[in-house]
Every structure is written in C-alpha cells, then in structure tokens.
file target22.tsv (TSV, C-alpha atoms)
chain	number	residue	atom	x	y	z
A	277	MET	CA	36.76	0.73	25.36
A	278	ALA	CA	37.71	0.75	21.67
A	279	GLN	CA	36.44	-2.82	21.29
A	280	ARG	CA	33.16	-1.99	23.04
A	281	SER	CA	32.69	1.00	20.71
A	282	GLU	CA	33.35	-1.16	17.63
A	283	LEU	CA	30.87	-3.76	18.84
A	284	ARG	CA	28.25	-1.09	19.46
A	285	GLN	CA	28.73	0.30	15.95
A	286	ARG	CA	28.50	-3.17	14.44
A	287	LYS	CA	25.32	-3.86	16.39
A	288	ALA	CA	23.79	-0.58	15.18
A	289	ARG	CA	24.63	-1.37	11.52
A	290	LEU	CA	23.07	-4.83	11.77
A	291	GLU	CA	19.93	-3.53	13.47
A	292	SER	CA	19.57	-0.96	10.72
A	293	ALA	CA	19.92	-3.68	8.06
A	294	TRP	CA	17.42	-5.89	9.90
A	295	SER	CA	14.88	-3.05	10.14
A	296	ARG	CA	15.30	-2.27	6.45
A	297	TRP	CA	15.26	-5.75	4.98
A	298	VAL	CA	13.27	-8.15	7.14
A	299	PRO	CA	9.89	-6.38	6.67
A	300	GLN	CA	10.49	-6.24	2.90
A	301	MET	CA	11.49	-9.90	2.77
A	302	ARG	CA	8.42	-10.91	4.74
A	303	ASP	CA	5.93	-8.76	2.83
A	304	ALA	CA	7.33	-8.69	-0.71
A	305	GLY	CA	9.90	-11.50	-0.85
A	306	ALA	CA	12.70	-9.00	-1.49
A	307	ARG	CA	16.30	-10.26	-1.42
A	308	PRO	CA	18.88	-8.05	0.37
A	309	SER	CA	21.68	-6.74	-1.79
A	310	GLY	CA	24.28	-4.03	-1.78
A	311	ALA	CA	26.82	-2.84	0.76
A	312	GLY	CA	24.42	-2.82	3.72
A	313	ALA	CA	23.08	-6.34	3.22
A	314	PRO	CA	23.88	-9.08	5.77
A	315	ARG	CA	26.37	-11.78	4.84
A	316	PRO	CA	25.00	-14.39	2.38
A	317	ASP	CA	24.50	-17.30	4.80
A	318	VAL	CA	22.48	-15.05	7.12
A	319	THR	CA	20.44	-13.67	4.23
A	320	GLU	CA	19.61	-17.15	2.95
A	321	SER	CA	18.63	-18.28	6.43
A	322	TRP	CA	16.35	-15.25	6.88
A	323	LEU	CA	14.61	-16.13	3.61
A	324	ARG	CA	14.10	-19.74	4.66
A	325	SER	CA	13.05	-18.90	8.23
A	326	LEU	CA	10.42	-16.26	7.49
A	327	GLY	CA	8.08	-18.92	6.17
A	328	SER	CA	7.76	-20.56	9.59
A	329	VAL	CA	9.13	-18.18	12.24
A	330	ASP	CA	7.67	-14.93	13.55
A	331	PRO	CA	10.52	-12.47	14.23
A	332	ALA	CA	8.53	-11.24	17.25
A	333	LEU	CA	8.88	-14.59	19.07
A	334	ASP	CA	9.94	-14.06	22.66
A	335	SER	CA	11.38	-17.53	23.26
A	336	ALA	CA	12.07	-20.90	21.65
A	337	PRO	CA	9.40	-23.60	21.61
A	338	VAL	CA	9.98	-26.32	24.20
A	339	THR	CA	9.97	-30.12	24.02
A	340	ASP	CA	8.58	-32.15	26.94
A	341	GLY	CA	11.19	-32.22	29.73
A	342	GLY	CA	10.85	-35.93	30.48
A	343	ALA	CA	11.41	-36.83	26.83
A	344	VAL	CA	14.46	-34.56	26.66
A	345	HIS	CA	15.96	-36.17	29.76
A	346	ARG	CA	15.52	-39.62	28.24
A	347	ARG	CA	17.11	-38.44	24.99
A	348	TRP	CA	20.11	-37.12	26.91
A	349	LEU	CA	20.49	-40.40	28.78
A	350	GLY	CA	20.60	-42.26	25.47
A	351	SER	CA	22.71	-39.71	23.60
A	352	PRO	CA	26.19	-40.76	22.40
A	353	LEU	CA	27.34	-37.28	23.47
A	354	ARG	CA	26.46	-37.75	27.14
A	355	ARG	CA	29.56	-39.64	28.26
A	356	PRO	CA	32.15	-37.40	26.57
A	357	VAL	CA	30.33	-34.26	27.74
A	358	ASP	CA	30.12	-35.61	31.29
A	359	GLY	CA	33.86	-36.25	31.14
A	360	LEU	CA	34.51	-32.62	30.13
A	361	ALA	CA	31.76	-31.11	32.27
A	362	GLU	CA	34.04	-29.45	34.81
A	363	GLU	CA	36.17	-27.86	32.09
A	364	LEU	CA	33.09	-26.69	30.17
A	365	ARG	CA	31.57	-25.27	33.33
A	366	ALA	CA	34.76	-23.45	34.36
A	367	ILE	CA	35.21	-21.87	30.92
A	368	ALA	CA	31.58	-20.77	30.74
A	369	GLU	CA	31.57	-19.25	34.22
A	370	ASP	CA	34.95	-17.50	33.85
A	371	ALA	CA	34.11	-15.99	30.45
A	372	GLY	CA	30.48	-15.10	31.23
A	373	PHE	CA	28.98	-17.54	28.72
A	374	VAL	CA	26.24	-20.14	28.84
A	375	THR	CA	27.25	-23.36	27.11
A	376	ALA	CA	24.80	-25.81	25.55
A	377	VAL	CA	24.90	-29.20	23.84
A	378	THR	CA	22.14	-30.17	21.41
A	379	ASP	CA	21.15	-33.29	19.52
A	380	ARG	CA	21.11	-33.38	15.73
A	381	THR	CA	17.58	-31.90	15.64
A	382	GLY	CA	18.69	-28.70	17.40
A	383	THR	CA	17.01	-29.52	20.72
A	384	ILE	CA	19.13	-28.51	23.71
A	385	LEU	CA	19.90	-31.47	25.96
A	386	TRP	CA	22.46	-30.02	28.41
A	387	THR	CA	23.65	-26.61	29.58
A	388	CYS	CA	26.08	-25.07	32.03
A	389	GLY	CA	27.19	-21.57	33.02
A	390	GLY	CA	27.01	-19.03	35.79
A	391	PRO	CA	23.64	-18.36	37.43
A	392	THR	CA	23.21	-14.89	35.92
A	393	MET	CA	23.78	-16.01	32.33
A	394	ARG	CA	21.68	-19.13	32.79
A	395	ARG	CA	18.75	-17.05	34.05
A	396	ARG	CA	19.03	-14.79	31.01
A	397	ALA	CA	19.23	-17.79	28.72
A	398	GLU	CA	16.21	-19.43	30.31
A	399	ARG	CA	14.08	-16.37	29.46
A	400	VAL	CA	14.40	-17.30	25.78
A	401	ASN	CA	14.33	-21.07	26.50
A	402	PHE	CA	18.02	-21.48	25.77
A	403	ALA	CA	17.85	-24.41	28.19
A	404	PRO	CA	17.23	-28.17	28.06
A	405	GLY	CA	14.15	-28.79	25.95
A	406	GLY	CA	14.44	-25.60	23.89
A	407	ARG	CA	14.20	-26.14	20.11
A	408	TRP	CA	16.74	-24.06	18.18
A	409	ASP	CA	16.57	-25.52	14.68
A	410	GLU	CA	15.95	-23.04	11.87
A	411	GLY	CA	12.30	-24.03	11.45
A	412	ALA	CA	11.59	-23.38	15.13
A	413	MET	CA	13.75	-20.36	16.02
A	414	GLY	CA	14.96	-18.91	12.73
A	415	THR	CA	18.51	-17.77	12.04
A	416	ASN	CA	20.97	-18.48	14.84
A	417	ALA	CA	24.47	-19.93	15.07
A	418	LEU	CA	23.21	-23.29	16.24
A	419	SER	CA	20.83	-23.74	13.30
A	420	LEU	CA	23.49	-22.62	10.81
A	421	ALA	CA	26.06	-25.06	12.23
A	422	LEU	CA	23.53	-27.89	11.99
A	423	ARG	CA	22.61	-26.98	8.42
A	424	THR	CA	26.16	-26.53	7.09
A	425	GLY	CA	28.08	-28.96	9.29
A	426	ARG	CA	30.61	-26.15	9.91
A	427	PRO	CA	31.34	-23.81	12.84
A	428	SER	CA	29.25	-20.65	12.84
A	429	SER	CA	28.78	-17.44	14.78
A	430	VAL	CA	25.81	-15.06	14.77
A	431	PHE	CA	25.99	-11.58	16.30
A	432	SER	CA	23.12	-9.41	17.50
A	433	ALA	CA	20.65	-8.52	14.73
A	434	GLU	CA	21.97	-11.23	12.43
A	435	HIS	CA	19.47	-13.29	14.44
A	436	LEU	CA	16.06	-13.23	12.80
A	437	VAL	CA	14.19	-13.13	16.12
A	438	THR	CA	14.43	-9.73	17.80
A	439	ALA	CA	14.53	-11.23	21.30
A	440	LEU	CA	18.02	-12.51	20.40
A	441	HIS	CA	19.46	-9.21	19.20
A	442	GLY	CA	21.19	-8.78	22.55
A	443	TRP	CA	23.14	-12.01	22.09
A	444	VAL	CA	26.19	-13.37	20.30
A	445	CYS	CA	26.55	-17.11	19.77
A	446	TYR	CA	29.46	-19.33	18.72
A	447	CYS	CA	28.82	-22.92	17.60
A	448	ALA	CA	30.68	-25.94	16.32
A	449	PRO	CA	29.07	-29.18	15.16
A	450	VAL	CA	30.13	-32.40	16.88
A	451	HIS	CA	30.76	-35.31	14.52
A	452	GLY	CA	30.64	-38.98	15.41
A	453	PRO	CA	33.41	-41.41	14.40
A	454	ASP	CA	31.48	-42.13	11.18
A	455	GLY	CA	31.39	-38.42	10.25
A	456	ARG	CA	27.71	-37.85	10.99
A	457	VAL	CA	26.75	-34.69	12.89
A	458	LEU	CA	25.49	-35.79	16.31
A	459	GLY	CA	24.73	-32.34	17.66
A	460	VAL	CA	26.21	-28.90	18.29
A	461	LEU	CA	28.30	-27.31	21.03
A	462	ASP	CA	27.19	-23.70	21.55
A	463	MET	CA	28.69	-20.90	23.63
A	464	SER	CA	26.50	-17.81	23.93
A	465	THR	CA	26.69	-14.51	25.76
A	466	THR	CA	25.54	-10.89	25.52
A	467	TRP	CA	26.64	-8.91	22.45
A	468	ASP	CA	29.02	-6.68	24.43
A	469	ARG	CA	31.12	-9.71	25.45
A	470	ALA	CA	31.76	-10.82	21.87
A	471	ASN	CA	35.32	-12.06	21.48
A	472	PRO	CA	37.02	-13.55	18.41
A	473	LEU	CA	38.80	-16.06	20.69
A	474	ALA	CA	35.44	-17.63	21.57
A	475	MET	CA	35.21	-19.34	18.19
A	476	SER	CA	38.60	-21.02	18.58
A	477	THR	CA	37.56	-22.10	22.09
A	478	VAL	CA	34.31	-23.70	20.94
A	479	ARG	CA	36.14	-25.43	18.06
A	480	SER	CA	38.70	-26.87	20.48
A	481	LEU	CA	36.05	-28.09	22.89
A	482	ALA	CA	34.03	-29.72	20.10
A	483	ALA	CA	37.23	-31.42	18.91
A	484	ALA	CA	37.83	-32.69	22.46
A	485	ILE	CA	34.33	-34.21	22.54
A	486	GLU	CA	34.93	-35.84	19.15
A	487	SER	CA	38.25	-37.25	20.40
A	488	ARG	CA	36.52	-38.82	23.38
A	489	LEU	CA	33.87	-40.28	21.09
A	490	ARG	CA	36.57	-41.96	18.99
A	491	ALA	CA	38.32	-43.29	22.10
A	492	GLU	CA	35.20	-44.81	23.63
A	493	PRO	CA	35.02	-48.61	23.52
A	494	PRO	CA	32.22	-50.07	21.40
A	495	ARG	CA	28.89	-50.14	23.19
A	496	ARG	CA	27.92	-53.41	24.79
A	497	GLU	CA	26.07	-55.63	22.37
A	498	ASP	CA	24.60	-57.63	25.25
A	499	THR	CA	21.28	-55.98	25.93
A	500	THR	CA	20.11	-58.67	28.36
A	501	PRO	CA	18.19	-56.73	31.00
A	502	VAL	CA	18.97	-56.95	34.66
A	503	ARG	CA	16.14	-58.71	36.49
A	504	LEU	CA	15.29	-57.08	39.81
A	505	THR	CA	13.06	-58.98	42.23
A	506	CYS	CA	12.18	-56.72	45.13
A	507	LEU	CA	8.72	-57.92	46.26
A	508	GLY	CA	8.98	-60.16	49.31
A	509	THR	CA	12.76	-60.39	48.85
A	510	GLY	CA	15.66	-58.51	47.29
A	511	ARG	CA	17.92	-59.83	44.54
A	512	ALA	CA	19.17	-58.88	41.11
A	513	SER	CA	20.57	-60.96	38.26
A	514	ARG	CA	21.54	-60.74	34.61
A	515	GLY	CA	21.10	-63.71	32.33
A	516	GLY	CA	20.51	-65.93	35.35
A	517	ALA	CA	23.77	-64.90	37.05
A	518	PRO	CA	23.34	-63.04	40.37
A	519	LEU	CA	24.68	-59.51	40.68
A	520	PRO	CA	26.72	-58.96	43.86
A	521	LEU	CA	24.78	-56.03	45.33
A	522	ARG	CA	24.66	-55.04	48.97
A	523	PRO	CA	21.28	-54.13	50.55
A	524	ARG	CA	21.87	-50.39	50.10
A	525	GLN	CA	22.67	-50.86	46.42
A	526	LEU	CA	19.51	-52.93	45.97
A	527	GLU	CA	17.58	-50.05	47.53
A	528	ILE	CA	19.13	-47.62	45.05
A	529	LEU	CA	18.42	-49.92	42.12
A	530	THR	CA	14.81	-50.37	43.26
A	531	LEU	CA	14.23	-46.63	43.58
A	532	LEU	CA	15.74	-45.98	40.14
A	533	ALA	CA	13.65	-48.78	38.62
A	534	LEU	CA	10.45	-47.32	40.09
A	535	GLU	CA	11.20	-43.69	39.22
A	536	ARG	CA	12.46	-43.79	35.64
A	537	GLU	CA	12.93	-40.02	35.42
A	538	GLY	CA	15.59	-40.35	38.08
A	539	PHE	CA	16.67	-38.38	41.14
A	540	THR	CA	18.76	-35.37	41.90
A	541	PRO	CA	21.64	-36.36	44.21
A	542	GLY	CA	20.00	-34.60	47.15
A	543	ARG	CA	16.63	-36.25	46.66
A	544	LEU	CA	18.12	-39.74	46.27
A	545	ARG	CA	20.23	-39.27	49.37
A	546	GLU	CA	17.14	-38.24	51.33
A	547	ALA	CA	15.19	-41.25	49.98
A	548	LEU	CA	17.94	-43.57	51.20
A	549	TYR	CA	19.01	-42.04	54.51
A	550	GLY	CA	16.29	-39.63	55.59
A	551	GLU	CA	17.65	-37.38	58.34
A	552	ARG	CA	20.62	-39.65	59.11
A	553	THR	CA	24.02	-38.05	58.75
A	554	VAL	CA	25.96	-39.86	56.04
A	555	THR	CA	29.13	-38.63	54.35
A	556	ALA	CA	29.08	-37.73	50.68
A	557	SER	CA	31.86	-40.25	50.04
A	558	THR	CA	29.76	-43.10	51.50
A	559	PHE	CA	26.79	-42.16	49.34
A	560	LYS	CA	28.91	-41.82	46.19
A	561	ALA	CA	30.64	-45.14	46.88
A	562	GLU	CA	27.28	-46.94	46.86
A	563	ILE	CA	26.36	-45.29	43.55
A	564	SER	CA	29.76	-46.16	42.06
A	565	HIS	CA	29.47	-49.82	43.04
A	566	LEU	CA	26.00	-50.06	41.48
A	567	ARG	CA	27.22	-48.30	38.34
A	568	ARG	CA	30.07	-50.80	37.97
A	569	ALA	CA	27.69	-53.73	38.49
A	570	LEU	CA	25.47	-52.36	35.72
A	571	ASP	CA	28.44	-51.68	33.38
A	572	GLY	CA	27.96	-47.95	33.74
A	573	GLY	CA	24.17	-48.08	33.55
A	574	VAL	CA	23.50	-45.19	35.97
A	575	ALA	CA	23.61	-41.61	34.68
A	576	THR	CA	25.65	-38.97	36.45
A	577	ARG	CA	24.46	-35.57	37.73
A	578	ARG	CA	20.84	-36.71	37.77
A	579	TYR	CA	20.81	-40.36	38.82
A	580	ALA	CA	18.72	-42.49	36.46
A	581	LEU	CA	19.00	-45.90	34.85
A	582	THR	CA	20.53	-46.06	31.38
A	583	ALA	CA	20.78	-49.89	31.33
A	584	PRO	CA	17.73	-52.12	30.74
A	585	VAL	CA	16.25	-53.29	34.07
A	586	SER	CA	13.04	-55.27	34.50
A	587	CYS	CA	11.44	-55.09	37.92
A	588	ASP	CA	8.58	-57.07	39.45
A	589	ALA	CA	7.27	-54.04	41.39
A	590	ARG	CA	7.16	-51.97	38.20
A	591	GLU	CA	5.29	-54.79	36.45
A	592	VAL	CA	2.71	-54.94	39.26
A	593	LEU	CA	2.07	-51.21	38.87
A	594	ARG	CA	1.70	-51.53	35.09
A	595	ALA	CA	-0.78	-54.38	35.51
A	596	LEU	CA	-2.83	-52.30	37.94
A	597	GLU	CA	-2.78	-49.37	35.51
A	598	ARG	CA	-4.34	-51.69	32.91
A	599	GLY	CA	-6.93	-52.91	35.43
A	600	ASP	CA	-5.39	-56.39	35.34
A	601	ALA	CA	-5.71	-57.52	38.96
A	602	GLU	CA	-5.04	-61.16	38.01
A	603	THR	CA	-1.54	-60.39	36.70
A	604	ALA	CA	-0.81	-57.95	39.53
A	605	LEU	CA	-1.67	-60.52	42.18
A	606	GLY	CA	0.35	-63.18	40.41
A	607	LEU	CA	3.41	-60.94	40.46
A	608	TYR	CA	2.93	-59.51	43.93
A	609	GLY	CA	5.31	-61.57	46.05
A	610	GLY	CA	4.98	-59.53	49.21
A	611	PRO	CA	6.11	-56.18	50.65
A	612	LEU	CA	8.76	-54.18	48.79
A	613	LEU	CA	12.25	-55.02	50.15
A	614	PRO	CA	10.72	-56.10	53.47
A	615	GLY	CA	13.88	-55.54	55.52
A	616	SER	CA	14.54	-51.99	54.26
A	617	GLN	CA	14.02	-48.91	56.41
A	618	ALA	CA	14.98	-46.41	53.72
A	619	PRO	CA	12.30	-43.67	53.66
A	620	GLY	CA	11.91	-43.85	49.88
A	621	ILE	CA	11.45	-47.62	49.96
A	622	GLU	CA	8.95	-47.41	52.83
A	623	GLU	CA	6.93	-44.87	50.84
A	624	TRP	CA	6.85	-47.08	47.74
A	625	ARG	CA	6.10	-50.15	49.89
A	626	THR	CA	2.99	-48.49	51.28
A	627	HIS	CA	1.97	-47.29	47.83
A	628	LEU	CA	2.18	-50.80	46.38
A	629	GLU	CA	0.40	-52.46	49.31
A	630	VAL	CA	-2.49	-50.00	49.17
A	631	ALA	CA	-2.76	-50.22	45.36
A	632	VAL	CA	-2.88	-54.04	45.35
A	633	ARG	CA	-5.32	-54.19	48.26
A	634	GLU	CA	-7.68	-51.70	46.63
A	635	ALA	CA	-7.59	-53.71	43.40
A	636	VAL	CA	-8.54	-56.83	45.37
A	637	LEU	CA	-11.45	-55.08	47.09
A	638	ALA	CA	-12.66	-53.74	43.73
A	639	SER	CA	-12.50	-57.16	42.06
A	640	ARG	CA	-15.63	-59.30	41.68
A	641	ARG	CA	-13.58	-62.51	41.60
A	642	PRO	CA	-13.43	-64.29	45.01
A	643	GLU	CA	-10.13	-66.01	44.18
A	644	HIS	CA	-8.42	-62.59	44.20
A	645	ALA	CA	-9.51	-61.95	47.78
A	646	LEU	CA	-8.59	-65.51	48.79
A	647	ARG	CA	-5.14	-65.24	47.22
A	648	TYR	CA	-4.43	-61.87	48.80
A	649	GLY	CA	-5.82	-63.13	52.10
A	650	GLU	CA	-2.97	-65.64	52.32
A	651	ARG	CA	-0.54	-62.73	52.64
A	652	ALA	CA	-2.81	-60.61	54.85
A	653	PRO	CA	-4.11	-62.96	57.59
A	654	TYR	CA	-5.22	-60.08	59.83
A	655	ASP	CA	-7.06	-58.06	57.17
A	656	ALA	CA	-10.68	-58.68	58.17
A	657	GLU	CA	-12.08	-56.50	55.36
A	658	VAL	CA	-10.43	-58.67	52.70
A	659	HIS	CA	-11.81	-61.87	54.25
A	660	GLU	CA	-15.30	-60.37	54.53
A	661	HIS	CA	-15.05	-59.39	50.85
A	662	ALA	CA	-14.18	-62.99	49.96
A	663	LEU	CA	-17.21	-64.30	51.86
A	664	ARG	CA	-19.52	-61.86	50.09
A	665	LEU	CA	-18.31	-63.05	46.69
A	666	LEU	CA	-18.34	-66.81	47.36
A	667	ASP	CA	-21.48	-68.78	46.57
A	668	PRO	CA	-23.26	-70.31	49.61
A	669	GLY	CA	-22.22	-73.82	48.61
A	670	ASP	CA	-18.60	-72.99	47.80
A	671	THR	CA	-16.31	-75.06	50.04
A	672	ARG	CA	-13.79	-72.18	50.09
A	673	ARG	CA	-16.16	-70.26	52.38
A	674	ALA	CA	-14.81	-72.29	55.29
A	675	LEU	CA	-11.28	-71.04	54.54
A	676	ALA	CA	-12.40	-67.43	54.32
A	677	ALA	CA	-14.54	-67.73	57.48
A	678	GLY	CA	-11.63	-69.22	59.42
A	679	ARG	CA	-9.33	-66.40	58.36
A	680	LEU	CA	-11.95	-63.82	59.31
A	681	THR	CA	-12.38	-65.34	62.76
A	682	THR	CA	-8.62	-65.23	63.30
A	683	ALA	CA	-8.39	-61.62	62.11
A	684	LEU	CA	-11.22	-60.48	64.40
A	685	ARG	CA	-9.42	-61.87	67.45
A	686	TYR	CA	-6.59	-59.38	66.98
call {"tool": "encode", "arguments": {"input": "target22.tsv", "output": "structure tokens"}}
result
Amino acid sequence: MAQRSELRQRKARLESAWSRWVPQMRDAGARPSGAGAPRPDVTESWLRSLGSVDPALDSAPVTDGGAVHRRWLGSPLRRPVDGLAEELRAIAEDAGFVTAVTDRTGTILWTCGGPTMRRRAERVNFAPGGRWDEGAMGTNALSLALRTGRPSSVFSAEHLVTALHGWVCYCAPVHGPDGRVLGVLDMSTTWDRANPLAMSTVRSLAAAIESRLRAEPPRREDTTPVRLTCLGTGRASRGGAPLPLRPRQLEILTLLALEREGFTPGRLREALYGERTVTASTFKAEISHLRRALDGGVATRRYALTAPVSCDAREVLRALERGDAETALGLYGGPLLPGSQAPGIEEWRTHLEVAVREAVLASRRPEHALRYGERAPYDAEVHEHALRLLDPGDTRRALAAGRLTTALRY
C-alpha cells in the first residue's frame, strides 16, 4: 500500500508539472525550471516534440500492416526474438506488461502480453504498425531510448501525450554486433504497476537478444531464388538442383508463393487439409521439412516466405495484371498442381484457370484462342472465339472448326 501511495503522489506531482509547463512551452516557448520542473531529458524532449505532436492525440499514427509484416520478416531482430518469444511472453503475462519490439525508426514490429494489457495497448496503437518515434508520438521511453542509445523509463505525465499519462514504460535499445541500434525492447504497463525491477528485466532481455545476434551465423550470401514450377506439374529447384520436397510440402510452398502476406497456422492448416483430422505434429513436421529445404526461409508464428522464390503461377498473375495475355499464355503450363486435392490449391487452381480463360476471350488475337484451345479441347466458347477472329482464308480455321465439332459432341 505504501508503494501505491508513493506512486500516486508521484503521478500527481508530474500531472501538476505537465499542466503548468506544457501550455506555456507550446504558447510562449517557455523552458521549465526550478524544483517542480521535469527531469532534463524529458524537458528537452517536450520542447522538441511540441513542434510536431499535439498533446491531445488519442493514439499513435499507424504504418500499413502489410509493410510492417514484411519489415518484420526481414528484420535482423526476428530470429533472436522468436527464439526468446516464450520467455518474453511468460514475463509479460506474469507481470501484467505488454512487451514490444521496434525497428530503428520506432515502428512497432512485434508485441506480446496478456489479452487485457494488449487490448489496452491497442487503444493507443501500441501494437504492430504503431509509430512511436518522437516526431510521431512525442516524449515516451521508446523515443528517448532510440534518441540516446541508452535505456530509458517514462512514468505517467512525463509523457507529452495525455492519453499516455496512465502508463509507465521501460525501454532498452538493442544493438547489432557492429554497435548500431537496430531497435528497442519495450515493456509497458499501467502507472500503478510501476516497479524498479522492470528496468533491470528489460536490460537483461535486450542483452539476451544482443547475445543471440552475435551468435548467429553470417547470413547466406547465396541469394539464388528457388524456382517453383507448379502449373501442369510440381517441382522446385535452386540453381538447377532439385529440392527434395514431398507433394504436401510443394503445396505449402505454392500457397506461400501465391499469398506473400502469409498465413496464420490455422488458416494454412485449413488450406491444406480442409475438414480432415490431422495432428498438429504432422502439420508442423511438413512445415519444418520445408523450412530446412529453404535454409530457414519460412517465418514462424505467421507462416510466410522469407527466402527468394520465383513461381510460374505468380508470374502468370502478374502478366494478367499488366494486360499481357501473350506472356501469361506462354507461362501457363496447365492447371495448378494438377494432382492436388488441398482446398487452398483447388481454390487457386480455379482462380488461375478462370483468369487465363477470360484473358483469352478478351483478346483480339486468334493465336491466343488457338493456343489455349490446345489445353481446353472441350471448351466450345474458346473455339468459337477463335473462328470469329480468324480471317475467312486462314488455314487455321480448319483446326478451330475441328476442335469446335469435337467439343460440341460432349
């Protein structure tokens, strides 16, 4: 109870100082001084922040979610944080904190914590995509740690933005092996849970991340992409050498190549197995085998490719997006993984078939209909389209007429 009373008194003193000084600083450029003034690093941050940040902000500005996910996949912090994720999550949940990892710009890339604290944090966009640099969100522990390169804590009304006066935050920068700041580890909670031990905890966890960064082997210099051929067949190779992937792993690779933003575990499992009952260990084993084949090129938690993969189906879709039916037809080797019955593959197979067929029917070049007609012998509409486009004296009319006659018999 004594600690709670001391925290309440401290909060009241800071709110009084904020109410006295921030309006004067904003309107007259006054500089706080005297016994009641905030500590110097907070004062200096208030002065810098007031030029770009409204203290009445209710939440942090947000970066596009897809871009943030891609940044996290490519971040050097991802692997060490994934390796410590269970420990970070347990500490956050047990202590009533929400923990966040940012990049060097102050954009949050990853968070964990109990559901109650995460909901509270999300109200102020203390979540992936939230921008917490000084220019976006004013004075906070995260922005101070980024600016100084040193651990920092900010309590209650030391925050410039009033929506954060109910919070206390503890941060430590994370340095790469070369000494550069790569981002910040932040542990935040409500003001009444402030604890001096939290700073030593966040320092230790940041040091553990840095240790893992130093222990990581150098990144692969070979950036040769995996080549995935999944139209009319199913095979993958790197630099001309085949990758030993089973059919299920080819299905996973195809789905990840087509949906670059990735899948939650539940959604990927459904795309592969539908309503079939499959054990979690079987599913994870397939993912693990694919990850090993790609030298770790599949992200954890949300499954997405982190290794370069070129895919013929993806290239067909890009060509169609450009209106380039010629290239699309040249690349279209047939149905997507023709032997697969995975629901996600069947859905993409239909999508591709319909998209290519519609491009053929929209084209004014008869050779497109003739080429597609080779793969669709029973598609009478395509053969009729070819006949409409061919000149009366074109000898290819006989080919199109023969195909049409065959199609109409069935």
call {"tool": "closest_residue", "arguments": {"input": "target22.tsv", "among": "A:Gly312, A:Gly372, A:Pro356, A:Gly382", "to": "Pro337 of chain A", "atoms": "all atoms listed in the file"}}
result
A:Gly382
call {"tool": "closest_atom_pairs", "arguments": {"input": "target22.tsv", "of": "segment 444-551 of chain A", "to": "segment 572-586 of chain A", "cutoff": "6 Å", "atoms": "only C-alpha atoms", "output": "tab-separated table"}}
result
residue	atom	partner	partner_atom	distance
A:Pro501	CA	A:Pro584	CA	4.6
A:Val502	CA	A:Val585	CA	4.6
A:Arg503	CA	A:Ser586	CA	5.0
A:Leu532	CA	A:Ala580	CA	5.9
A:Gly538	CA	A:Ala580	CA	4.1
A:Phe539	CA	A:Tyr579	CA	5.1
A:Thr540	CA	A:Arg578	CA	4.8
call {"tool": "residues_around", "arguments": {"input": "target22.tsv", "residues": "Glu551 of chain A", "least_positions_apart": "5", "cutoff": "12 Å", "atoms": "all atoms listed in the file", "output": "mmCIF file with C-alpha atoms, in the coordinates of the input"}}
result
data_model
loop_
_atom_site.group_PDB
_atom_site.id
_atom_site.type_symbol
_atom_site.label_atom_id
_atom_site.label_comp_id
_atom_site.auth_asym_id
_atom_site.auth_seq_id
_atom_site.Cartn_x
_atom_site.Cartn_y
_atom_site.Cartn_z
ATOM 1 C CA GLY A 542 20.000 -34.600 47.150
ATOM 2 C CA ARG A 543 16.630 -36.250 46.660
ATOM 3 C CA ARG A 545 20.230 -39.270 49.370
ATOM 4 C CA GLU A 546 17.140 -38.240 51.330
ATOM 5 C CA ALA A 618 14.980 -46.410 53.720
ATOM 6 C CA PRO A 619 12.300 -43.670 53.660
#
call {"tool": "closest_residue", "arguments": {"input": "target22.tsv", "among": "A:Ala645, A:Leu333, A:Leu665, A:Val450", "to": "Arg490 of chain A", "atoms": "all atoms listed in the file"}}
result
A:Val450
call {"tool": "residues_around", "arguments": {"input": "target22.tsv", "residues": "segment 648-661 of chain A", "least_positions_apart": "2", "cutoff": "12 Å", "atoms": "only C-alpha atoms", "output": "JSON, numbers by chain"}}
result
{"A": [508, 601, 602, 604, 605, 606, 607, 608, 609, 610, 611, 629, 632, 633, 634, 635, 636, 637, 638, 639, 640, 641, 642, 643, 644, 645, 646, 663, 664, 665, 666, 672, 673, 674, 675, 676, 677, 678, 679, 680, 681, 682, 683, 684, 685, 686]}
call {"tool": "closest_residue", "arguments": {"input": "target22.tsv", "among": "A:Ala417, A:Cys445, A:Leu385, A:Val592", "to": "Arg347 of chain A", "atoms": "only C-alpha atoms"}}
result
A:Leu385
call {"tool": "residues_around", "arguments": {"input": "target22.tsv", "residues": "Asp462 of chain A", "least_positions_apart": "6", "cutoff": "10 Å", "atoms": "all atoms listed in the file", "output": "PyMOL selection string"}}
result
chain A and resi 373-378+384+387+417-418+421+427-429+445-449+475+478-479+481-482
call {"tool": "write_last_selection", "arguments": {"input": "target22.tsv", "atoms": "C-alpha atoms", "output": "PDB file, keeping the file's coordinate frame"}}
result
ATOM      1  CA  PHE A 373      28.980 -17.540  28.720  1.00  0.00           C
ATOM      2  CA  VAL A 374      26.240 -20.140  28.840  1.00  0.00           C
ATOM      3  CA  THR A 375      27.250 -23.360  27.110  1.00  0.00           C
ATOM      4  CA  ALA A 376      24.800 -25.810  25.550  1.00  0.00           C
ATOM      5  CA  VAL A 377      24.900 -29.200  23.840  1.00  0.00           C
ATOM      6  CA  THR A 378      22.140 -30.170  21.410  1.00  0.00           C
ATOM      7  CA  ILE A 384      19.130 -28.510  23.710  1.00  0.00           C
ATOM      8  CA  THR A 387      23.650 -26.610  29.580  1.00  0.00           C
ATOM      9  CA  ALA A 417      24.470 -19.930  15.070  1.00  0.00           C
ATOM     10  CA  LEU A 418      23.210 -23.290  16.240  1.00  0.00           C
ATOM     11  CA  ALA A 421      26.060 -25.060  12.230  1.00  0.00           C
ATOM     12  CA  PRO A 427      31.340 -23.810  12.840  1.00  0.00           C
ATOM     13  CA  SER A 428      29.250 -20.650  12.840  1.00  0.00           C
ATOM     14  CA  SER A 429      28.780 -17.440  14.780  1.00  0.00           C
ATOM     15  CA  CYS A 445      26.550 -17.110  19.770  1.00  0.00           C
ATOM     16  CA  TYR A 446      29.460 -19.330  18.720  1.00  0.00           C
ATOM     17  CA  CYS A 447      28.820 -22.920  17.600  1.00  0.00           C
ATOM     18  CA  ALA A 448      30.680 -25.940  16.320  1.00  0.00           C
ATOM     19  CA  PRO A 449      29.070 -29.180  15.160  1.00  0.00           C
ATOM     20  CA  MET A 475      35.210 -19.340  18.190  1.00  0.00           C
ATOM     21  CA  VAL A 478      34.310 -23.700  20.940  1.00  0.00           C
ATOM     22  CA  ARG A 479      36.140 -25.430  18.060  1.00  0.00           C
ATOM     23  CA  LEU A 481      36.050 -28.090  22.890  1.00  0.00           C
ATOM     24  CA  ALA A 482      34.030 -29.720  20.100  1.00  0.00           C
TER      25      ALA A 482
END
call {"tool": "closest_residue", "arguments": {"input": "target22.tsv", "among": "A:Val400, A:Leu544, A:Leu570, A:Leu531", "to": "Leu612 of chain A", "atoms": "all atoms listed in the file"}}
result
A:Leu531
